[in-house]
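Below is one structure; the comments refer to it alone.
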Amino acid sequence: MIRIDEIYNNTFWPWLQKNKPGARLFFCDPPGSTSPDSLFNLGSENIVETDYVWMHDQEPCWVEEYKPLFDDVIGRNNDIHAKPRGHVVVSEHGEYVERLCATYGWKSHYYFYHGWACQDWFRGYDKSFLIPRARDRAPTKTFMSPNRIVGGKRDHRVLFLYNIFKQGLEHNHISVPRTCQYENVDISVVANKYCSTYPDISQVFDDAILPRLFAGEESQQMTSCWLGNYAEAQDSLVYVPTETVYFGRRTHITEKTFKAIALEMPFVLVAPAHSLEYMRSYGFKTFDGIFNESYDLETDDILRVEKVTQVLKDLDNLSHQERQQIHRACIPIVEHNFQHFYRGGLSHVLWAELTGMLDGLLK
């Protein structure tokens with residue numbers, strides 16, 4: 001396991017000094033920051049610097065939204081006379097990475113930053129007694145879905161919640177704000193962007209009783225680096241992460257999905273198409289054959305969220321006995337995922353990927 005708060009200073013920088021001397025290292029600190037004020041760089045005074053490596057591995061590749069940060073990376077390397085192409089290390093695949101590289105002329109390299117981060121953040125929970133193991137649970141609700149930021153680039157959460165409310169599924173464990181903490185905008189204003197697709201969407205949110213909080217909360221208190229909401233997890237058949245990104249041809253999975261794995265829960269993802277396939281490529285198992293996972297193949301973003309909701313509706317229509325049968329059928333898979341995460345299987349995959357990425361930097 002790598003300590004994620006030391007990954008740049010104690011992993012990447014020593015490797016660059018030894019194997020790629022003359023390359024600068026850029027990264028943001030604290031993790032998740034995207035302001036130019038958070039941009040740090042490491043370099044060498046006694047070596048002629050000819051190249052740089054920019055670690056944009058924490059956040060999505062949103063070219064327009066993070067333009068000041070990306071421009072600052074370019075500006076801080078204008079003194080290199082060799083006019084380096086520069087390398088950007090990312091934690092996603094797809095069209096947004098391609099657009100980023102086309103805009104700034106960078107060469108992209110990939111590794112699964114969030115896989116490493118979650119192994120660090122969620123260490124030790126396998127030895128805790130905060131929640132019973134999957135075999136000892138008897139869930140009464142169909143799903144839980146925490147939602148905190150609904151503005152910015154997270155409009156897909158509004159589309160998901162609209163479909164949930166329209167399908168009459170709001171009796172499950174759902175958290176959602178009335179006002180987005182990120183943009184300070186009412187959720188119905190965000191919803192109004194999609195009134196041409198769903199003419200009643202703003203009215204649905206105007207009529208909804210919001211905010212919705214989990215027991216004991218005064219606000220949406222989710223944090224990236226630890227687990228929580230144990231009562232809701234114990235009482236829910238599946239976990240529904242509404243991932244950071246959703247629209248377009250890309251894969252970018254974060255701690256939101258790993259929380260389901262660390263809680264020994266099945267998951268239904270509100271995420272880009274082929275995200276389940278992406279998780280399987282890292283050795284995790286999903287739940288096809290127990291419930292319908294064809295939504296993951298749907299490339300139309302509107303249709304995919306509707307198909308996700310239909311999966312949840314179908315599960316919600318089950319009797320209590322049928323729900324328990326589904327729960328028992330999922331146990332071998334959630335236990336495999338839990339063991340793969342905590343007993344070294346994922347680390348083995350991540351190490352091979354990381355060393356392959358570093359080899360790519362040398363080429």
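Chain identifiers are assigned as A, B, and so on, following the order in which chains appear in the structure tokens; residues are numbered from 1 within each chain, and ligands are numbered from 1 in order of appearance.
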What's the 7 Å shell around A:His252, counting only C-alpha atoms, without same-chain residues fewer than 6 positions away, as a PDB file with N, CA and C atoms, in the first residue's frame?
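Resulting contents of part39.pdb:
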```
ATOM      1  N   SER A  91      -6.028   9.760 -14.253  1.00  0.00           N
ATOM      2  CA  SER A  91      -6.678   8.582 -13.687  1.00  0.00           C
ATOM      3  C   SER A  91      -8.004   8.320 -14.386  1.00  0.00           C
ATOM      4  N   GLU A  92      -8.045   8.597 -15.672  1.00  0.00           N
ATOM      5  CA  GLU A  92      -9.233   8.281 -16.469  1.00  0.00           C
ATOM      6  C   GLU A  92      -8.825   7.995 -17.896  1.00  0.00           C
ATOM      7  N   VAL A 245     -18.155  11.684 -12.377  1.00  0.00           N
ATOM      8  CA  VAL A 245     -18.453  12.003 -13.775  1.00  0.00           C
ATOM      9  C   VAL A 245     -19.472  11.001 -14.300  1.00  0.00           C
TER      10      VAL A 245
END
```
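Here the strand (DSSP E) residues in stretch 72-213 of chain A, by DSSP on the backbone, are A:His87, A:Val88, A:Val89, A:Val90, A:His93, A:Gly94, A:Lys107, A:Ser108, A:His109, A:Tyr110, A:Lys141, A:Thr142, A:Phe143, A:Met144, A:Ser145, A:His173, A:Ile174.
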Could you write those residues out with N, CA and C atoms, as a PDB file, in the first residue's frame?
```pdb
ATOM      1  N   HIS A  87       4.433  15.737 -19.951  1.00  0.00           N
ATOM      2  CA  HIS A  87       3.664  14.520 -19.720  1.00  0.00           C
ATOM      3  C   HIS A  87       2.582  14.809 -18.688  1.00  0.00           C
ATOM      4  N   VAL A  88       1.359  14.367 -18.941  1.00  0.00           N
ATOM      5  CA  VAL A  88       0.288  14.488 -17.961  1.00  0.00           C
ATOM      6  C   VAL A  88      -0.123  13.079 -17.533  1.00  0.00           C
ATOM      7  N   VAL A  89      -0.130  12.855 -16.235  1.00  0.00           N
ATOM      8  CA  VAL A  89      -0.531  11.566 -15.675  1.00  0.00           C
ATOM      9  C   VAL A  89      -1.954  11.712 -15.170  1.00  0.00           C
ATOM     10  N   VAL A  90      -2.852  10.859 -15.657  1.00  0.00           N
ATOM     11  CA  VAL A  90      -4.280  10.983 -15.371  1.00  0.00           C
ATOM     12  C   VAL A  90      -4.801   9.682 -14.775  1.00  0.00           C
ATOM     13  N   HIS A  93      -9.742   7.381 -18.627  1.00  0.00           N
ATOM     14  CA  HIS A  93      -9.582   7.124 -20.050  1.00  0.00           C
ATOM     15  C   HIS A  93     -10.694   7.856 -20.803  1.00  0.00           C
ATOM     16  N   GLY A  94     -10.478   8.103 -22.089  1.00  0.00           N
ATOM     17  CA  GLY A  94     -11.581   8.545 -22.922  1.00  0.00           C
ATOM     18  C   GLY A  94     -11.395   9.904 -23.570  1.00  0.00           C
ATOM     19  N   LYS A 107       1.568  14.517 -23.529  1.00  0.00           N
ATOM     20  CA  LYS A 107       1.492  13.072 -23.705  1.00  0.00           C
ATOM     21  C   LYS A 107       0.876  12.489 -22.440  1.00  0.00           C
ATOM     22  N   SER A 108      -0.187  11.695 -22.573  1.00  0.00           N
ATOM     23  CA  SER A 108      -0.898  11.196 -21.390  1.00  0.00           C
ATOM     24  C   SER A 108      -0.376   9.831 -20.958  1.00  0.00           C
ATOM     25  N   HIS A 109      -0.431   9.604 -19.657  1.00  0.00           N
ATOM     26  CA  HIS A 109      -0.074   8.338 -19.029  1.00  0.00           C
ATOM     27  C   HIS A 109      -1.116   8.066 -17.956  1.00  0.00           C
ATOM     28  N   TYR A 110      -1.457   6.814 -17.763  1.00  0.00           N
ATOM     29  CA  TYR A 110      -2.585   6.464 -16.877  1.00  0.00           C
ATOM     30  C   TYR A 110      -2.164   5.512 -15.768  1.00  0.00           C
ATOM     31  N   LYS A 141     -34.615  -2.307   3.003  1.00  0.00           N
ATOM     32  CA  LYS A 141     -34.739  -1.322   1.930  1.00  0.00           C
ATOM     33  C   LYS A 141     -34.014  -1.829   0.689  1.00  0.00           C
ATOM     34  N   THR A 142     -34.416  -1.303  -0.458  1.00  0.00           N
ATOM     35  CA  THR A 142     -33.813  -1.739  -1.710  1.00  0.00           C
ATOM     36  C   THR A 142     -32.424  -1.151  -1.912  1.00  0.00           C
ATOM     37  N   PHE A 143     -32.257   0.136  -1.633  1.00  0.00           N
ATOM     38  CA  PHE A 143     -30.964   0.751  -1.916  1.00  0.00           C
ATOM     39  C   PHE A 143     -30.718   1.954  -1.025  1.00  0.00           C
ATOM     40  N   MET A 144     -29.442   2.332  -0.973  1.00  0.00           N
ATOM     41  CA  MET A 144     -29.038   3.602  -0.376  1.00  0.00           C
ATOM     42  C   MET A 144     -28.251   4.377  -1.426  1.00  0.00           C
ATOM     43  N   SER A 145     -28.379   5.694  -1.406  1.00  0.00           N
ATOM     44  CA  SER A 145     -27.674   6.531  -2.367  1.00  0.00           C
ATOM     45  C   SER A 145     -27.389   7.891  -1.747  1.00  0.00           C
ATOM     46  N   HIS A 173     -33.205   4.702   1.270  1.00  0.00           N
ATOM     47  CA  HIS A 173     -32.248   5.551   1.981  1.00  0.00           C
ATOM     48  C   HIS A 173     -31.540   6.462   0.974  1.00  0.00           C
ATOM     49  N   ILE A 174     -32.012   7.695   0.864  1.00  0.00           N
ATOM     50  CA  ILE A 174     -31.476   8.663  -0.092  1.00  0.00           C
ATOM     51  C   ILE A 174     -31.168   9.953   0.658  1.00  0.00           C
TER      52      ILE A 174
END
```
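Considering only C-alpha atoms, the residue among A:Glu45, A:Glu306, A:Asp314, A:Asp186 positioned nearest to A:Asn292 is A:Asp314.
Neighbours of A:His320 closer than or equal to 12 Å, with only C-alpha atoms counted and sequence neighbours fewer than 5 positions away skipped, come out as A:Ala138, A:Pro139, A:Thr140, A:Lys141, A:Thr142, A:Leu237, A:Leu315, A:Gln325, A:Ile326, A:His327.
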Selected residues written out with C-alpha atoms, as a PDB file, in the first residue's frame:
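See part_35.pdb below for the written result:
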```pdb
ATOM      1  CA  ALA A 138     -31.268  -8.735   6.588  1.00  0.00           C
ATOM      2  CA  PRO A 139     -31.884  -5.537   4.565  1.00  0.00           C
ATOM      3  CA  THR A 140     -35.385  -4.084   4.499  1.00  0.00           C
ATOM      4  CA  LYS A 141     -34.739  -1.322   1.930  1.00  0.00           C
ATOM      5  CA  THR A 142     -33.813  -1.739  -1.710  1.00  0.00           C
ATOM      6  CA  LEU A 237     -29.836  -4.375  -0.474  1.00  0.00           C
ATOM      7  CA  LEU A 315     -35.687  -4.801  -7.125  1.00  0.00           C
ATOM      8  CA  GLN A 325     -32.893 -14.319  -1.778  1.00  0.00           C
ATOM      9  CA  ILE A 326     -31.174 -11.639  -3.859  1.00  0.00           C
ATOM     10  CA  HIS A 327     -29.140 -10.621  -0.829  1.00  0.00           C
TER      11      HIS A 327
END
```
Exercise for review: Might you pull out every residue within 8 Å of A:Tyr342, with only C-alpha atoms counted and same-chain residues fewer than 2 positions away left off, and present them as a PyMOL selection string?
Suggested key: chain A and resi 119+123+126+338-340+344-346
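Interatomic distance, atom CA of A:Glu232 against atom CA of A:Gly289: 25.1 Å.
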Review point. Which of these, A:Asp359, A:Gln310, A:Pro272, A:Val190, has the shortest distance to A:Lys166 once you count only C-alpha atoms?
Key: A:Gln310
Check your understanding: From the list A:Ala134, A:Leu213, A:Leu318, A:Ala273, which residue is nearest A:Ile261 when using only C-alpha atoms?
Key -> A:Ala134
Exercise for review: Taking the DSSP assignment computed from this structure's backbone, write out as a ChimeraX atom specification all residues of stretch 120-344 of chain A that belong to helix (DSSP H, G or I).
Suggested key: /A:120-121,125-127,134-136,155-166,187-194,201-207,230-234,255-262,275-280,294-297,301-316,320-342
Convert the current residue selection to file output with C-alpha atoms, as an mmCIF file, in the first residue's frame.
```
data_model
loop_
_atom_site.group_PDB
_atom_site.id
_atom_site.type_symbol
_atom_site.label_atom_id
_atom_site.label_comp_id
_atom_site.auth_asym_id
_atom_site.auth_seq_id
_atom_site.Cartn_x
_atom_site.Cartn_y
_atom_site.Cartn_z
ATOM 1 C CA ASP A 120 -5.022 4.019 2.051
ATOM 2 C CA TRP A 121 -8.218 5.775 3.161
ATOM 3 C CA TYR A 125 -12.222 -1.108 8.240
ATOM 4 C CA ASP A 126 -12.042 -4.842 7.570
ATOM 5 C CA LYS A 127 -11.130 -5.267 11.243
ATOM 6 C CA ALA A 134 -22.884 -9.218 4.704
ATOM 7 C CA ARG A 135 -23.878 -12.713 5.891
ATOM 8 C CA ASP A 136 -25.307 -11.264 9.103
ATOM 9 C CA ASP A 155 -26.069 17.298 -13.145
ATOM 10 C CA HIS A 156 -26.434 13.542 -13.616
ATOM 11 C CA ARG A 157 -27.334 13.241 -9.940
ATOM 12 C CA VAL A 158 -30.313 15.518 -10.546
ATOM 13 C CA LEU A 159 -31.405 13.345 -13.477
ATOM 14 C CA PHE A 160 -31.056 10.233 -11.331
ATOM 15 C CA LEU A 161 -33.017 11.735 -8.436
ATOM 16 C CA TYR A 162 -35.739 12.929 -10.797
ATOM 17 C CA ASN A 163 -36.207 9.392 -12.089
ATOM 18 C CA ILE A 164 -36.155 8.026 -8.527
ATOM 19 C CA PHE A 165 -38.895 10.421 -7.433
ATOM 20 C CA LYS A 166 -40.971 9.740 -10.569
ATOM 21 C CA ILE A 187 -31.747 21.935 -7.149
ATOM 22 C CA SER A 188 -34.811 22.924 -9.203
ATOM 23 C CA VAL A 189 -32.669 25.509 -11.027
ATOM 24 C CA VAL A 190 -30.202 22.771 -12.000
ATOM 25 C CA ALA A 191 -33.114 20.554 -12.998
ATOM 26 C CA ASN A 192 -34.493 23.239 -15.297
ATOM 27 C CA LYS A 193 -31.581 22.604 -17.701
ATOM 28 C CA TYR A 194 -33.312 19.353 -18.651
ATOM 29 C CA ILE A 201 -38.571 17.991 -13.851
ATOM 30 C CA SER A 202 -38.517 21.382 -12.113
ATOM 31 C CA GLN A 203 -41.978 20.807 -10.686
ATOM 32 C CA VAL A 204 -40.956 17.432 -9.309
ATOM 33 C CA PHE A 205 -38.162 19.063 -7.325
ATOM 34 C CA ASP A 206 -40.331 22.003 -6.310
ATOM 35 C CA ASP A 207 -42.787 19.500 -4.821
ATOM 36 C CA TYR A 230 -23.458 2.263 8.588
ATOM 37 C CA ALA A 231 -27.112 1.938 9.592
ATOM 38 C CA GLU A 232 -28.278 2.692 6.056
ATOM 39 C CA ALA A 233 -25.717 0.293 4.595
ATOM 40 C CA GLN A 234 -26.797 -2.516 6.890
ATOM 41 C CA GLU A 255 -13.931 6.291 -3.781
ATOM 42 C CA LYS A 256 -17.715 6.476 -4.151
ATOM 43 C CA THR A 257 -17.801 3.022 -5.736
ATOM 44 C CA PHE A 258 -15.113 1.629 -3.432
ATOM 45 C CA LYS A 259 -17.260 2.512 -0.419
ATOM 46 C CA ALA A 260 -19.753 -0.132 -1.554
ATOM 47 C CA ILE A 261 -16.939 -2.680 -1.800
ATOM 48 C CA ALA A 262 -15.529 -1.826 1.639
ATOM 49 C CA SER A 275 -17.851 1.357 -15.768
ATOM 50 C CA LEU A 276 -18.737 -2.160 -14.604
ATOM 51 C CA GLU A 277 -16.441 -3.552 -17.283
ATOM 52 C CA TYR A 278 -13.743 -1.197 -15.976
ATOM 53 C CA MET A 279 -14.145 -2.525 -12.419
ATOM 54 C CA ARG A 280 -14.002 -6.111 -13.649
ATOM 55 C CA SER A 294 -27.250 -4.214 -19.215
ATOM 56 C CA TYR A 295 -27.522 -0.529 -18.266
ATOM 57 C CA ASP A 296 -23.703 -0.460 -18.262
ATOM 58 C CA LEU A 297 -23.687 -1.016 -22.036
ATOM 59 C CA ASP A 301 -26.584 9.064 -21.122
ATOM 60 C CA ILE A 302 -30.301 9.807 -20.658
ATOM 61 C CA LEU A 303 -31.377 6.251 -21.406
ATOM 62 C CA ARG A 304 -28.697 4.829 -19.121
ATOM 63 C CA VAL A 305 -29.954 6.669 -16.039
ATOM 64 C CA GLU A 306 -33.487 5.512 -16.871
ATOM 65 C CA LYS A 307 -32.262 1.916 -17.137
ATOM 66 C CA VAL A 308 -30.460 2.232 -13.798
ATOM 67 C CA THR A 309 -33.691 3.433 -12.234
ATOM 68 C CA GLN A 310 -35.605 0.544 -13.771
ATOM 69 C CA VAL A 311 -33.187 -1.938 -12.183
ATOM 70 C CA LEU A 312 -33.883 -0.341 -8.809
ATOM 71 C CA LYS A 313 -37.632 -0.316 -9.471
ATOM 72 C CA ASP A 314 -37.576 -4.021 -10.332
ATOM 73 C CA LEU A 315 -35.687 -4.801 -7.125
ATOM 74 C CA ASP A 316 -38.022 -2.587 -5.135
ATOM 75 C CA HIS A 320 -39.325 -9.306 1.404
ATOM 76 C CA GLN A 321 -38.554 -12.981 0.859
ATOM 77 C CA GLU A 322 -37.372 -12.364 -2.716
ATOM 78 C CA ARG A 323 -35.197 -9.486 -1.530
ATOM 79 C CA GLN A 324 -33.503 -11.772 0.973
ATOM 80 C CA GLN A 325 -32.893 -14.319 -1.778
ATOM 81 C CA ILE A 326 -31.174 -11.639 -3.859
ATOM 82 C CA HIS A 327 -29.140 -10.621 -0.829
ATOM 83 C CA ARG A 328 -27.951 -14.186 -0.244
ATOM 84 C CA ALA A 329 -27.123 -14.652 -3.929
ATOM 85 C CA CYS A 330 -24.880 -11.571 -3.825
ATOM 86 C CA ILE A 331 -22.919 -12.659 -0.738
ATOM 87 C CA PRO A 332 -20.215 -14.695 -2.546
ATOM 88 C CA ILE A 333 -19.570 -11.769 -4.902
ATOM 89 C CA VAL A 334 -19.410 -9.039 -2.245
ATOM 90 C CA GLU A 335 -17.134 -11.269 -0.162
ATOM 91 C CA HIS A 336 -14.848 -11.803 -3.164
ATOM 92 C CA ASN A 337 -14.691 -8.039 -3.776
ATOM 93 C CA PHE A 338 -14.010 -7.366 -0.092
ATOM 94 C CA GLN A 339 -11.196 -9.921 -0.001
ATOM 95 C CA HIS A 340 -9.770 -8.696 -3.311
ATOM 96 C CA PHE A 341 -9.672 -5.150 -1.935
ATOM 97 C CA TYR A 342 -8.273 -5.952 1.522
#
```
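Excluding stretch 72-76 of chain A itself and any same-chain residue fewer than 3 positions from it, the protein and nucleic acid residues within 8 Å of it, counting only C-alpha atoms, are Phe26, Pro36, Trp54, Pro68, Leu69 and Asp79 of chain A.
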Check your understanding: Distance atom CA of A:Leu25-atom CA of A:Ile7, one decimal place?
Key -> 11.8 Å
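Counting only C-alpha atoms and comparing A:Gly360, A:Gly283, A:Gly43, A:Pro132, the residue that lies closest to A:His348 is A:Gly283.
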Study note, to complete from the structure: note - atom CA of A:Thr11 and atom CA of A:Glu49 are separated by 19.8 Å
Revision key, fill the gap. Residue with the minimum atom-to-atom distance to A:Glu264, picked from A:Ile131, A:Asp5, A:Cys61, A:Glu293 with only C-alpha atoms counted, is A:Ile131
Exercise for review: Show which residues sit within 8 Å of A:Ala23, as a PyMOL selection string. Count only C-alpha atoms, and ignore same-chain residues fewer than 6 positions away.
Suggested key: chain A and resi 16-17+43+49-53
Expected file contents, prior selection, N, CA and C atoms, as a PDB file, in the first residue's frame:
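Written out: out.pdb:
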```pdb
ATOM      1  N   LEU A  16      11.624   9.732 -10.358  1.00  0.00           N
ATOM      2  CA  LEU A  16      12.014  10.626 -11.450  1.00  0.00           C
ATOM      3  C   LEU A  16      13.465  11.063 -11.321  1.00  0.00           C
ATOM      4  N   GLN A  17      13.912  11.389 -10.092  1.00  0.00           N
ATOM      5  CA  GLN A  17      15.291  11.821  -9.897  1.00  0.00           C
ATOM      6  C   GLN A  17      16.278  10.748 -10.336  1.00  0.00           C
ATOM      7  N   GLY A  43      11.836  20.321  -8.470  1.00  0.00           N
ATOM      8  CA  GLY A  43      12.808  20.354  -9.549  1.00  0.00           C
ATOM      9  C   GLY A  43      14.225  20.229  -9.016  1.00  0.00           C
ATOM     10  N   GLU A  49      17.237  21.164 -16.693  1.00  0.00           N
ATOM     11  CA  GLU A  49      15.875  20.615 -16.777  1.00  0.00           C
ATOM     12  C   GLU A  49      15.374  20.712 -18.209  1.00  0.00           C
ATOM     13  N   THR A  50      14.864  19.610 -18.714  1.00  0.00           N
ATOM     14  CA  THR A  50      14.461  19.535 -20.122  1.00  0.00           C
ATOM     15  C   THR A  50      13.032  19.042 -20.324  1.00  0.00           C
ATOM     16  N   ASP A  51      12.345  18.626 -19.252  1.00  0.00           N
ATOM     17  CA  ASP A  51      11.010  18.052 -19.409  1.00  0.00           C
ATOM     18  C   ASP A  51      10.265  18.186 -18.088  1.00  0.00           C
ATOM     19  N   TYR A  52       8.974  17.846 -18.099  1.00  0.00           N
ATOM     20  CA  TYR A  52       8.204  17.878 -16.862  1.00  0.00           C
ATOM     21  C   TYR A  52       7.096  16.841 -16.900  1.00  0.00           C
ATOM     22  N   VAL A  53       6.679  16.438 -15.699  1.00  0.00           N
ATOM     23  CA  VAL A  53       5.589  15.481 -15.521  1.00  0.00           C
ATOM     24  C   VAL A  53       4.540  16.145 -14.631  1.00  0.00           C
TER      25      VAL A  53
END
```
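Of the residues under consideration (A:Val97, A:Leu130, A:Cys225, A:Ala102), A:Cys225 shows the shortest atom-to-atom contact distance to A:Ile4 when counting only C-alpha atoms.
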